[in-house]
>>> print(open('input.txt').read())   # compact mmCIF, N, CA and C atoms
# COMPACT_ATOMS: atom_id res chain seq x y z
N MET Q 1 134.07 181.48 48.76
CA MET Q 1 133.01 180.88 47.96
C MET Q 1 132.10 182.00 47.44
N ARG Q 2 131.82 181.95 46.16
CA ARG Q 2 130.94 182.94 45.54
C ARG Q 2 129.54 182.34 45.42
N ILE Q 3 128.54 183.05 45.96
CA ILE Q 3 127.15 182.60 45.92
C ILE Q 3 126.39 183.46 44.91
N GLU Q 4 125.69 182.79 44.02
CA GLU Q 4 124.80 183.47 43.06
C GLU Q 4 123.40 182.91 43.28
N ILE Q 5 122.43 183.79 43.30
CA ILE Q 5 121.03 183.35 43.43
C ILE Q 5 120.30 183.82 42.19
N ARG Q 6 119.63 182.88 41.55
CA ARG Q 6 118.90 183.20 40.32
C ARG Q 6 117.65 182.33 40.24
N GLU Q 7 116.83 182.61 39.23
CA GLU Q 7 115.60 181.83 39.05
C GLU Q 7 115.92 180.40 38.60
N LEU Q 8 115.04 179.49 38.98
CA LEU Q 8 115.15 178.09 38.61
C LEU Q 8 115.15 177.93 37.10
N ARG Q 9 116.01 177.05 36.60
CA ARG Q 9 116.08 176.72 35.18
C ARG Q 9 115.96 175.20 35.03
N ASP Q 10 115.58 174.78 33.84
CA ASP Q 10 115.42 173.36 33.56
C ASP Q 10 116.69 172.57 33.88
N GLU Q 11 117.84 173.15 33.58
CA GLU Q 11 119.09 172.41 33.79
C GLU Q 11 119.43 172.23 35.28
N ASP Q 12 118.69 172.86 36.18
CA ASP Q 12 118.91 172.72 37.62
C ASP Q 12 118.18 171.52 38.22
N THR Q 13 117.20 171.01 37.51
CA THR Q 13 116.25 170.07 38.13
C THR Q 13 116.89 168.76 38.58
N ALA Q 14 117.83 168.22 37.83
CA ALA Q 14 118.46 166.95 38.22
C ALA Q 14 119.27 167.13 39.50
N ALA Q 15 120.04 168.20 39.58
CA ALA Q 15 120.85 168.45 40.78
C ALA Q 15 119.95 168.68 41.99
N LEU Q 16 118.86 169.40 41.81
CA LEU Q 16 117.94 169.64 42.93
C LEU Q 16 117.27 168.36 43.40
N ALA Q 17 116.89 167.50 42.47
CA ALA Q 17 116.29 166.22 42.85
C ALA Q 17 117.28 165.39 43.67
N LYS Q 18 118.55 165.46 43.32
CA LYS Q 18 119.58 164.72 44.06
C LYS Q 18 119.72 165.31 45.47
N ILE Q 19 119.75 166.62 45.59
CA ILE Q 19 119.84 167.26 46.90
C ILE Q 19 118.63 166.89 47.75
N GLU Q 20 117.44 166.90 47.14
CA GLU Q 20 116.21 166.51 47.86
C GLU Q 20 116.32 165.08 48.37
N ALA Q 21 116.77 164.16 47.51
CA ALA Q 21 116.86 162.75 47.88
C ALA Q 21 117.84 162.54 49.03
N GLU Q 22 118.88 163.36 49.09
CA GLU Q 22 119.87 163.26 50.16
C GLU Q 22 119.40 163.93 51.45
N THR Q 23 118.36 164.77 51.35
CA THR Q 23 117.94 165.59 52.49
C THR Q 23 116.64 165.13 53.12
N PHE Q 24 115.66 164.78 52.30
CA PHE Q 24 114.31 164.53 52.80
C PHE Q 24 113.89 163.08 52.62
N SER Q 25 113.01 162.63 53.53
CA SER Q 25 112.49 161.26 53.44
C SER Q 25 111.43 161.13 52.34
N MET Q 26 110.84 162.25 51.93
CA MET Q 26 109.85 162.25 50.85
C MET Q 26 110.25 163.34 49.85
N PRO Q 27 111.33 163.09 49.10
CA PRO Q 27 111.89 164.14 48.24
C PRO Q 27 111.06 164.43 47.00
N TRP Q 28 111.21 165.66 46.52
CA TRP Q 28 110.63 166.03 45.24
C TRP Q 28 111.48 165.41 44.13
N SER Q 29 110.81 165.05 43.05
CA SER Q 29 111.50 164.45 41.90
C SER Q 29 111.99 165.53 40.93
N GLU Q 30 112.82 165.11 40.01
CA GLU Q 30 113.26 166.01 38.95
C GLU Q 30 112.06 166.56 38.18
N ASN Q 31 111.08 165.70 37.90
CA ASN Q 31 109.88 166.15 37.18
C ASN Q 31 109.06 167.14 38.00
N ALA Q 32 109.03 166.97 39.32
CA ALA Q 32 108.29 167.92 40.16
C ALA Q 32 108.92 169.32 40.05
N PHE Q 33 110.24 169.37 40.07
CA PHE Q 33 110.91 170.67 39.90
C PHE Q 33 110.67 171.22 38.50
N ARG Q 34 110.75 170.36 37.51
CA ARG Q 34 110.55 170.80 36.13
C ARG Q 34 109.13 171.36 35.94
N GLU Q 35 108.15 170.76 36.58
CA GLU Q 35 106.76 171.20 36.46
C GLU Q 35 106.57 172.62 36.97
N LEU Q 36 107.36 173.01 37.97
CA LEU Q 36 107.27 174.37 38.51
C LEU Q 36 107.50 175.43 37.44
N LEU Q 37 108.31 175.10 36.47
CA LEU Q 37 108.65 176.05 35.39
C LEU Q 37 107.43 176.38 34.54
N ASN Q 38 106.40 175.54 34.60
CA ASN Q 38 105.21 175.73 33.77
C ASN Q 38 104.12 176.55 34.45
N HIS Q 39 104.34 176.97 35.69
CA HIS Q 39 103.29 177.65 36.44
C HIS Q 39 103.71 179.08 36.77
N SER Q 40 102.97 180.04 36.25
CA SER Q 40 103.30 181.45 36.47
C SER Q 40 103.11 181.86 37.93
N TYR Q 41 102.36 181.10 38.69
CA TYR Q 41 102.10 181.41 40.09
C TYR Q 41 103.14 180.80 41.03
N CYS Q 42 104.12 180.10 40.47
CA CYS Q 42 105.22 179.54 41.26
C CYS Q 42 106.49 180.35 41.00
N ARG Q 43 107.21 180.64 42.04
CA ARG Q 43 108.44 181.40 41.92
C ARG Q 43 109.52 180.62 42.68
N TYR Q 44 110.52 180.15 41.98
CA TYR Q 44 111.59 179.36 42.59
C TYR Q 44 112.95 179.93 42.26
N LEU Q 45 113.80 179.98 43.29
CA LEU Q 45 115.16 180.47 43.14
C LEU Q 45 116.14 179.34 43.45
N VAL Q 46 117.29 179.41 42.82
CA VAL Q 46 118.35 178.43 43.01
C VAL Q 46 119.59 179.17 43.49
N ALA Q 47 120.30 178.56 44.43
CA ALA Q 47 121.59 179.11 44.88
C ALA Q 47 122.70 178.29 44.22
N LEU Q 48 123.64 179.00 43.65
CA LEU Q 48 124.84 178.39 43.09
C LEU Q 48 126.02 178.80 43.96
N ALA Q 49 126.82 177.82 44.37
CA ALA Q 49 128.04 178.09 45.13
C ALA Q 49 129.20 177.76 44.21
N ASP Q 50 129.94 178.80 43.82
CA ASP Q 50 131.02 178.63 42.84
C ASP Q 50 130.53 177.85 41.62
N GLY Q 51 129.32 178.17 41.18
CA GLY Q 51 128.75 177.58 39.97
C GLY Q 51 128.03 176.26 40.16
N GLN Q 52 128.10 175.67 41.36
CA GLN Q 52 127.46 174.38 41.65
C GLN Q 52 126.12 174.61 42.33
N VAL Q 53 125.08 173.87 41.90
CA VAL Q 53 123.77 173.99 42.53
C VAL Q 53 123.89 173.58 44.00
N ALA Q 54 123.56 174.51 44.89
CA ALA Q 54 123.70 174.28 46.33
C ALA Q 54 122.36 174.19 47.04
N GLY Q 55 121.28 174.65 46.38
CA GLY Q 55 119.98 174.59 47.02
C GLY Q 55 118.95 175.40 46.27
N CYS Q 56 117.73 175.40 46.80
CA CYS Q 56 116.66 176.19 46.19
C CYS Q 56 115.62 176.52 47.25
N CYS Q 57 114.80 177.47 46.91
CA CYS Q 57 113.61 177.76 47.70
C CYS Q 57 112.59 178.40 46.78
N GLY Q 58 111.33 178.29 47.17
CA GLY Q 58 110.31 178.87 46.31
C GLY Q 58 108.95 178.87 46.95
N TYR Q 59 108.04 179.54 46.26
CA TYR Q 59 106.68 179.64 46.76
C TYR Q 59 105.66 179.47 45.65
N THR Q 60 104.45 179.18 46.09
CA THR Q 60 103.26 179.18 45.24
C THR Q 60 102.41 180.34 45.71
N ASP Q 61 102.07 181.25 44.80
CA ASP Q 61 101.29 182.45 45.12
C ASP Q 61 99.82 182.17 44.84
N ILE Q 62 99.02 182.25 45.90
CA ILE Q 62 97.57 182.07 45.78
C ILE Q 62 96.92 183.33 46.32
N CYS Q 63 96.40 184.15 45.42
CA CYS Q 63 95.72 185.40 45.81
C CYS Q 63 96.60 186.28 46.69
N HIS Q 64 97.84 186.43 46.32
CA HIS Q 64 98.82 187.27 47.00
C HIS Q 64 99.22 186.78 48.38
N GLU Q 65 98.96 185.49 48.65
CA GLU Q 65 99.51 184.82 49.81
C GLU Q 65 100.44 183.74 49.29
N ALA Q 66 101.71 183.84 49.66
CA ALA Q 66 102.72 182.92 49.14
C ALA Q 66 102.98 181.80 50.13
N ASN Q 67 102.73 180.58 49.69
CA ASN Q 67 103.08 179.42 50.49
C ASN Q 67 104.49 179.01 50.09
N ILE Q 68 105.42 179.14 51.04
CA ILE Q 68 106.79 178.72 50.77
C ILE Q 68 106.79 177.20 50.84
N ASP Q 69 106.88 176.59 49.66
CA ASP Q 69 106.71 175.15 49.52
C ASP Q 69 107.97 174.37 49.87
N ASN Q 70 109.13 174.99 49.64
CA ASN Q 70 110.36 174.22 49.73
C ASN Q 70 111.53 175.15 49.99
N VAL Q 71 112.36 174.74 50.93
CA VAL Q 71 113.67 175.36 51.17
C VAL Q 71 114.62 174.20 51.41
N VAL Q 72 115.64 174.08 50.58
CA VAL Q 72 116.60 172.99 50.76
C VAL Q 72 117.99 173.48 50.37
N VAL Q 73 118.97 173.05 51.17
CA VAL Q 73 120.38 173.35 50.89
C VAL Q 73 121.14 172.04 51.03
N ALA Q 74 122.02 171.78 50.09
CA ALA Q 74 122.84 170.55 50.12
C ALA Q 74 123.67 170.52 51.39
N ALA Q 75 123.88 169.32 51.91
CA ALA Q 75 124.56 169.14 53.20
C ALA Q 75 125.90 169.88 53.26
N GLY Q 76 126.68 169.82 52.22
CA GLY Q 76 128.00 170.45 52.23
C GLY Q 76 127.99 171.96 52.22
N PHE Q 77 126.81 172.56 52.04
CA PHE Q 77 126.71 174.02 51.97
C PHE Q 77 125.87 174.62 53.10
N ARG Q 78 125.46 173.80 54.06
CA ARG Q 78 124.63 174.30 55.14
C ARG Q 78 125.44 175.13 56.12
N ASN Q 79 124.72 175.94 56.89
CA ASN Q 79 125.31 176.80 57.92
C ASN Q 79 126.28 177.83 57.34
N GLN Q 80 126.00 178.25 56.11
CA GLN Q 80 126.83 179.27 55.47
C GLN Q 80 125.98 180.44 54.99
N GLY Q 81 124.72 180.50 55.44
CA GLY Q 81 123.84 181.61 55.11
C GLY Q 81 123.14 181.51 53.77
N ILE Q 82 123.23 180.36 53.12
CA ILE Q 82 122.64 180.21 51.79
C ILE Q 82 121.12 180.23 51.86
N ALA Q 83 120.53 179.51 52.81
CA ALA Q 83 119.07 179.51 52.94
C ALA Q 83 118.56 180.92 53.22
N GLN Q 84 119.25 181.63 54.08
CA GLN Q 84 118.83 183.00 54.40
C GLN Q 84 118.93 183.90 53.17
N ALA Q 85 120.01 183.77 52.42
CA ALA Q 85 120.18 184.59 51.22
C ALA Q 85 119.08 184.29 50.20
N MET Q 86 118.74 183.00 50.03
CA MET Q 86 117.67 182.65 49.09
C MET Q 86 116.34 183.20 49.57
N LEU Q 87 116.02 183.03 50.85
CA LEU Q 87 114.75 183.53 51.38
C LEU Q 87 114.65 185.04 51.24
N GLU Q 88 115.74 185.73 51.51
CA GLU Q 88 115.72 187.18 51.38
C GLU Q 88 115.39 187.59 49.94
N GLN Q 89 116.05 186.98 48.98
CA GLN Q 89 115.79 187.31 47.58
C GLN Q 89 114.38 186.90 47.17
N LEU Q 90 113.92 185.75 47.65
CA LEU Q 90 112.57 185.28 47.33
C LEU Q 90 111.52 186.27 47.83
N MET Q 91 111.71 186.77 49.04
CA MET Q 91 110.72 187.68 49.61
C MET Q 91 110.80 189.07 48.97
N ILE Q 92 111.97 189.49 48.54
CA ILE Q 92 112.09 190.74 47.78
C ILE Q 92 111.30 190.60 46.48
N LEU Q 93 111.48 189.48 45.81
CA LEU Q 93 110.75 189.21 44.57
C LEU Q 93 109.25 189.16 44.84
N GLY Q 94 108.84 188.45 45.88
CA GLY Q 94 107.43 188.35 46.22
C GLY Q 94 106.81 189.69 46.55
N ASP Q 95 107.53 190.49 47.32
CA ASP Q 95 107.02 191.82 47.67
C ASP Q 95 106.81 192.65 46.40
N ALA Q 96 107.75 192.56 45.46
CA ALA Q 96 107.64 193.31 44.21
C ALA Q 96 106.46 192.82 43.37
N GLU Q 97 106.08 191.55 43.56
CA GLU Q 97 104.98 190.96 42.80
C GLU Q 97 103.65 191.08 43.55
N GLY Q 98 103.63 191.78 44.67
CA GLY Q 98 102.38 192.03 45.38
C GLY Q 98 102.01 191.02 46.44
N VAL Q 99 102.93 190.16 46.84
CA VAL Q 99 102.63 189.21 47.90
C VAL Q 99 102.39 189.99 49.19
N GLU Q 100 101.29 189.68 49.86
CA GLU Q 100 100.91 190.37 51.09
C GLU Q 100 101.21 189.57 52.35
N ALA Q 101 101.38 188.26 52.20
CA ALA Q 101 101.67 187.41 53.36
C ALA Q 101 102.40 186.15 52.87
N TYR Q 102 103.22 185.62 53.75
CA TYR Q 102 103.97 184.39 53.46
C TYR Q 102 103.64 183.38 54.54
N THR Q 103 103.53 182.13 54.15
CA THR Q 103 103.28 181.07 55.11
C THR Q 103 104.13 179.86 54.75
N LEU Q 104 104.35 179.00 55.73
CA LEU Q 104 105.10 177.76 55.51
C LEU Q 104 104.81 176.81 56.66
N GLU Q 105 105.16 175.55 56.45
CA GLU Q 105 105.15 174.55 57.50
C GLU Q 105 106.57 174.06 57.67
N VAL Q 106 106.92 173.75 58.91
CA VAL Q 106 108.25 173.24 59.23
C VAL Q 106 108.10 172.21 60.33
N ARG Q 107 108.90 171.15 60.25
CA ARG Q 107 108.85 170.13 61.30
C ARG Q 107 109.11 170.77 62.67
N VAL Q 108 108.34 170.35 63.67
CA VAL Q 108 108.51 170.91 65.02
C VAL Q 108 109.93 170.68 65.54
N SER Q 109 110.60 169.64 65.08
CA SER Q 109 111.96 169.33 65.54
C SER Q 109 113.04 170.11 64.80
N ASN Q 110 112.69 170.82 63.75
CA ASN Q 110 113.69 171.52 62.93
C ASN Q 110 113.93 172.93 63.50
N LEU Q 111 114.58 172.95 64.66
CA LEU Q 111 114.78 174.21 65.38
C LEU Q 111 115.66 175.19 64.61
N ALA Q 112 116.62 174.69 63.86
CA ALA Q 112 117.50 175.58 63.08
C ALA Q 112 116.68 176.34 62.03
N ALA Q 113 115.80 175.63 61.32
CA ALA Q 113 114.97 176.29 60.31
C ALA Q 113 113.99 177.26 60.97
N ILE Q 114 113.39 176.85 62.07
CA ILE Q 114 112.45 177.73 62.77
C ILE Q 114 113.15 179.03 63.16
N HIS Q 115 114.37 178.92 63.63
CA HIS Q 115 115.15 180.11 64.01
C HIS Q 115 115.38 181.03 62.81
N VAL Q 116 115.73 180.46 61.68
CA VAL Q 116 115.93 181.26 60.45
C VAL Q 116 114.63 181.98 60.09
N TYR Q 117 113.52 181.27 60.11
CA TYR Q 117 112.24 181.87 59.74
C TYR Q 117 111.86 182.99 60.71
N GLU Q 118 112.12 182.78 61.99
CA GLU Q 118 111.83 183.83 62.98
C GLU Q 118 112.66 185.08 62.71
N LYS Q 119 113.90 184.91 62.26
CA LYS Q 119 114.74 186.07 61.91
C LYS Q 119 114.11 186.90 60.80
N PHE Q 120 113.33 186.25 59.94
CA PHE Q 120 112.65 186.95 58.84
C PHE Q 120 111.28 187.49 59.26
N GLY Q 121 110.93 187.34 60.51
CA GLY Q 121 109.67 187.88 60.99
C GLY Q 121 108.51 186.91 60.97
N PHE Q 122 108.77 185.63 60.69
CA PHE Q 122 107.71 184.63 60.73
C PHE Q 122 107.36 184.32 62.19
N CYS Q 123 106.08 184.09 62.44
CA CYS Q 123 105.59 183.74 63.78
C CYS Q 123 104.78 182.47 63.69
N SER Q 124 104.89 181.66 64.72
CA SER Q 124 104.10 180.44 64.80
C SER Q 124 102.64 180.81 65.02
N GLU Q 125 101.76 180.19 64.24
CA GLU Q 125 100.33 180.43 64.40
C GLU Q 125 99.54 179.14 64.57
N GLY Q 126 100.26 178.06 64.86
CA GLY Q 126 99.55 176.82 65.11
C GLY Q 126 100.38 175.60 64.76
N ILE Q 127 99.75 174.46 64.97
CA ILE Q 127 100.38 173.17 64.71
C ILE Q 127 99.47 172.37 63.78
N ARG Q 128 100.08 171.71 62.79
CA ARG Q 128 99.36 170.75 61.96
C ARG Q 128 99.77 169.36 62.45
N PRO Q 129 98.89 168.70 63.22
CA PRO Q 129 99.23 167.39 63.77
C PRO Q 129 99.47 166.36 62.67
N GLY Q 130 100.56 165.61 62.82
CA GLY Q 130 100.85 164.51 61.89
C GLY Q 130 101.06 164.94 60.45
N PHE Q 131 101.46 166.16 60.21
CA PHE Q 131 101.59 166.70 58.85
C PHE Q 131 102.66 165.96 58.04
N TYR Q 132 103.74 165.61 58.67
CA TYR Q 132 104.86 164.95 57.97
C TYR Q 132 104.82 163.45 58.17
N ASP Q 133 105.29 162.74 57.16
CA ASP Q 133 105.47 161.30 57.24
C ASP Q 133 106.97 161.00 57.17
N ARG Q 134 107.32 159.80 57.58
CA ARG Q 134 108.70 159.28 57.46
C ARG Q 134 109.74 160.21 58.06
N PRO Q 135 109.79 160.44 59.32
CA PRO Q 135 108.88 159.94 60.35
C PRO Q 135 107.67 160.85 60.51
N LYS Q 136 106.64 160.27 61.09
CA LYS Q 136 105.43 161.03 61.38
C LYS Q 136 105.78 162.12 62.38
N GLU Q 137 105.38 163.35 62.06
CA GLU Q 137 105.72 164.47 62.95
C GLU Q 137 104.78 165.63 62.67
N ASP Q 138 104.54 166.42 63.71
CA ASP Q 138 103.72 167.62 63.57
C ASP Q 138 104.51 168.71 62.86
N ALA Q 139 103.78 169.65 62.28
CA ALA Q 139 104.39 170.82 61.64
C ALA Q 139 103.97 172.07 62.39
N VAL Q 140 104.90 173.01 62.50
CA VAL Q 140 104.59 174.34 62.98
C VAL Q 140 104.13 175.13 61.76
N ILE Q 141 102.99 175.80 61.87
CA ILE Q 141 102.51 176.69 60.80
C ILE Q 141 103.04 178.08 61.14
N MET Q 142 103.78 178.66 60.21
CA MET Q 142 104.35 179.99 60.44
C MET Q 142 103.85 180.96 59.38
N TRP Q 143 103.62 182.19 59.81
CA TRP Q 143 103.15 183.25 58.91
C TRP Q 143 104.01 184.49 59.08
N LYS Q 144 104.17 185.20 58.00
CA LYS Q 144 104.70 186.55 58.03
C LYS Q 144 103.72 187.39 57.21
N ARG Q 145 103.08 188.33 57.89
CA ARG Q 145 102.10 189.17 57.24
C ARG Q 145 102.62 190.60 57.18
N LYS Q 146 102.34 191.28 56.08
CA LYS Q 146 102.71 192.68 55.99
C LYS Q 146 101.84 193.48 56.94
N LYS Q 147 102.44 194.45 57.55
CA LYS Q 147 101.68 195.31 58.45
C LYS Q 147 100.86 196.27 57.61
N MET Q 148 99.58 196.32 57.87
CA MET Q 148 98.69 197.24 57.16
C MET Q 148 98.71 198.59 57.87
N SER Q 149 98.79 199.67 57.09
CA SER Q 149 98.80 200.99 57.71
C SER Q 149 97.43 201.59 57.76
>>> encode(input="input.txt", output="structure tokens")
Amino acid sequence: MRIEIRELRDEDTAALAKIEAETFSMPWSENAFRELLNHSYCRYLVALADGQVAGCCGYTDICHEANIDNVVVAAGFRNQGIAQAMLEQLMILGDAEGVEAYTLEVRVSNLAAIHVYEKFGFCSEGIRPGFYDRPKEDAVIMWKRKKMS
């Protein structure tokens, strides 16, 4: 399988909305993905597996702190390193754009995702009680900060 990672395009939005609907209880819509294209402070990447949209990840940059808003991979493409490849490229892009710290929230029960984030140097810095709905669940707040010299 050949994996290509590139920036989000308008033609990706329908496929991503479908992946979201199959993955999350509160999925992003096609219009939500399309709106990201209008914001210079949002950076989103898409993974293509043999030309098929397999997932995306992205962040919103606020004063050089990037909130990773979304990481999703279609069920048929999970456990193949796609999320890691997207995150790696996203953080390379963010570093080049002056991002000094990355943060995200993840369901406390999503141990696989937490493990991936820890591999990238993210550390838990707290809990957001009741952050998620459907089902109601706490979120782990994770940060990766650049070391200041």
>>> select_by_dssp(input="input.txt", residues="chain Q", states="strand (DSSP E)", output="PyMOL selection string")
chain Q and resi 3-7+42-49+52-62+65-73+101-107+123-132+137-145
>>> closest_atom_pairs(input="input.txt", of="stretch 24-113 of chain Q", to="stretch 4-16 of chain Q", cutoff="9 Å", atoms="only C-alpha atoms", output="tab-separated table")
residue	atom	partner	partner_atom	distance
Q:Trp28	CA	Q:Leu16	CA	8.5
Q:Ser29	CA	Q:Ala14	CA	8.3
Q:Glu30	CA	Q:Thr13	CA	5.1
Q:Asn31	CA	Q:Thr13	CA	7.5
Q:Ala32	CA	Q:Thr13	CA	8.5
Q:Phe33	CA	Q:Thr13	CA	5.7
Q:Arg34	CA	Q:Asp10	CA	6.1
Q:Leu36	CA	Q:Leu8	CA	8.7
Q:Leu37	CA	Q:Arg9	CA	7.5
Q:Arg43	CA	Q:Glu7	CA	7.7
Q:Tyr44	CA	Q:Leu8	CA	5.5
Q:Leu45	CA	Q:Glu7	CA	4.3
Q:Val46	CA	Q:Leu8	CA	5.5
Q:Ala47	CA	Q:Ile5	CA	4.5
Q:Leu48	CA	Q:Glu4	CA	5.1
Q:Ala49	CA	Q:Glu4	CA	6.6
Q:Asp50	CA	Q:Glu4	CA	7.9
Q:Gly51	CA	Q:Glu4	CA	7.7
Q:Gln52	CA	Q:Ala15	CA	8.9
Q:Val53	CA	Q:Ala15	CA	6.5
Q:Ala54	CA	Q:Leu16	CA	8.1
Q:Gly55	CA	Q:Leu16	CA	6.7
Q:Cys56	CA	Q:Leu16	CA	7.4
Q:Val72	CA	Q:Leu16	CA	8.6
Q:Ala74	CA	Q:Leu16	CA	8.7
Q:Ala85	CA	Q:Ile5	CA	7.9
Q:Met86	CA	Q:Ile5	CA	6.6
Q:Gln89	CA	Q:Ile5	CA	7.8
>>> closest_atom_pairs(input="input.txt", of="stretch 17-93 of chain Q", to="stretch 97-100 of chain Q", cutoff="7 Å", atoms="only C-alpha atoms", output="tab-separated table")
residue	atom	partner	partner_atom	distance
Q:His64	CA	Q:Val99	CA	4.4
Q:Glu65	CA	Q:Val99	CA	5.7
Q:Ala66	CA	Q:Val99	CA	6.4
Q:Leu93	CA	Q:Glu97	CA	6.3
>>> residues_around(input="input.txt", residues="Q:Arg134", least_positions_apart="4", cutoff="8 Å", atoms="only N, CA and C atoms", output="short mmCIF file (atom, residue, chain, number, x, y, z; two decimals) with N, CA and C atoms, keeping the file's coordinate frame")
data_model
loop_
_atom_site.label_atom_id
_atom_site.label_comp_id
_atom_site.auth_asym_id
_atom_site.auth_seq_id
_atom_site.Cartn_x
_atom_site.Cartn_y
_atom_site.Cartn_z
N PHE Q 24 115.66 164.78 52.30
CA PHE Q 24 114.31 164.53 52.80
C PHE Q 24 113.89 163.08 52.62
N SER Q 25 113.01 162.63 53.53
CA SER Q 25 112.49 161.26 53.44
C SER Q 25 111.43 161.13 52.34
N MET Q 26 110.84 162.25 51.93
CA MET Q 26 109.85 162.25 50.85
C MET Q 26 110.25 163.34 49.85
#
>>> closest_residue(input="input.txt", among="Q:Cys57, Q:Val140, Q:Arg2, Q:Ile114", to="Q:Leu90", atoms="only N, CA and C atoms")
Q:Cys57
>>> atom_distance(input="input.txt", atom1="atom CA of Q:Arg145", atom2="atom CA of Q:Arg107")
20.6 Å
>>> atom_distance(input="input.txt", atom1="atom CA of Q:Asp133", atom2="atom CA of Q:Asn38")
27.6 Å
>>> select_by_dssp(input="input.txt", residues="stretch 44-87 of chain Q", states="alpha helix (DSSP H)", output="list in words")
Ile82, Ala83, Gln84, Ala85, Met86 and Leu87 of chain Q
>>> residues_around(input="input.txt", residues="Q:Phe122", least_positions_apart="3", cutoff="6.5 Å", atoms="all atoms listed in the file", output="list in words")
Tyr117, Glu118, Lys119, Met142, Trp143 and Lys144 of chain Q
>>> axis_aligned_box(input="input.txt", around="stretch 47-65 of chain Q", padding_each_side="8 Å", output="lines of an AutoDock Vina configuration file")
center_x = 113.4
center_y = 180.4
center_z = 44.9
size_x = 51.3
size_y = 29.7
size_z = 25.8
>>> atom_distance(input="input.txt", atom1="atom CA of Q:Glu20", atom2="atom CA of Q:Ala96")
28.4 Å
>>> closest_residue(input="input.txt", among="Q:Ala75, Q:Ala17, Q:Ala83, Q:Cys63", to="Q:Val116", atoms="only N, CA and C atoms")
Q:Ala83
>>> residues_around(input="input.txt", residues="Q:Asp69", least_positions_apart="2", cutoff="7 Å", atoms="only N, CA and C atoms", output="list in words")
Cys57, Gly58, Tyr59, Thr60, Ala66, Asn67, Val71, Thr103 and Leu104 of chain Q
>>> build_atoms(input="input.txt", residues="stretch 4-15 of chain Q", atoms="N, CA, C and O atoms", output="short mmCIF file (atom, residue, chain, number, x, y, z; two decimals), keeping the file's coordinate frame")
data_model
loop_
_atom_site.label_atom_id
_atom_site.label_comp_id
_atom_site.auth_asym_id
_atom_site.auth_seq_id
_atom_site.Cartn_x
_atom_site.Cartn_y
_atom_site.Cartn_z
N GLU Q 4 125.69 182.79 44.02
CA GLU Q 4 124.80 183.47 43.06
C GLU Q 4 123.40 182.91 43.28
O GLU Q 4 123.23 181.69 43.42
N ILE Q 5 122.43 183.79 43.30
CA ILE Q 5 121.03 183.35 43.43
C ILE Q 5 120.30 183.82 42.19
O ILE Q 5 120.36 184.99 41.82
N ARG Q 6 119.63 182.88 41.55
CA ARG Q 6 118.90 183.20 40.32
C ARG Q 6 117.65 182.33 40.24
O ARG Q 6 117.47 181.42 41.04
N GLU Q 7 116.83 182.61 39.23
CA GLU Q 7 115.60 181.83 39.05
C GLU Q 7 115.92 180.40 38.60
O GLU Q 7 116.93 180.16 37.93
N LEU Q 8 115.04 179.49 38.98
CA LEU Q 8 115.15 178.09 38.61
C LEU Q 8 115.15 177.93 37.10
O LEU Q 8 114.37 178.59 36.39
N ARG Q 9 116.01 177.05 36.60
CA ARG Q 9 116.08 176.72 35.18
C ARG Q 9 115.96 175.20 35.03
O ARG Q 9 116.26 174.45 35.95
N ASP Q 10 115.58 174.78 33.84
CA ASP Q 10 115.42 173.36 33.56
C ASP Q 10 116.69 172.57 33.88
O ASP Q 10 116.63 171.47 34.42
N GLU Q 11 117.84 173.15 33.58
CA GLU Q 11 119.09 172.41 33.79
C GLU Q 11 119.43 172.23 35.28
O GLU Q 11 120.36 171.50 35.61
N ASP Q 12 118.69 172.86 36.18
CA ASP Q 12 118.91 172.72 37.62
C ASP Q 12 118.18 171.52 38.22
O ASP Q 12 118.50 171.10 39.33
N THR Q 13 117.20 171.01 37.51
CA THR Q 13 116.25 170.07 38.13
C THR Q 13 116.89 168.76 38.58
O THR Q 13 116.53 168.25 39.64
N ALA Q 14 117.83 168.22 37.83
CA ALA Q 14 118.46 166.95 38.22
C ALA Q 14 119.27 167.13 39.50
O ALA Q 14 119.19 166.31 40.42
N ALA Q 15 120.04 168.20 39.58
CA ALA Q 15 120.85 168.45 40.78
C ALA Q 15 119.95 168.68 41.99
O ALA Q 15 120.25 168.19 43.09
#
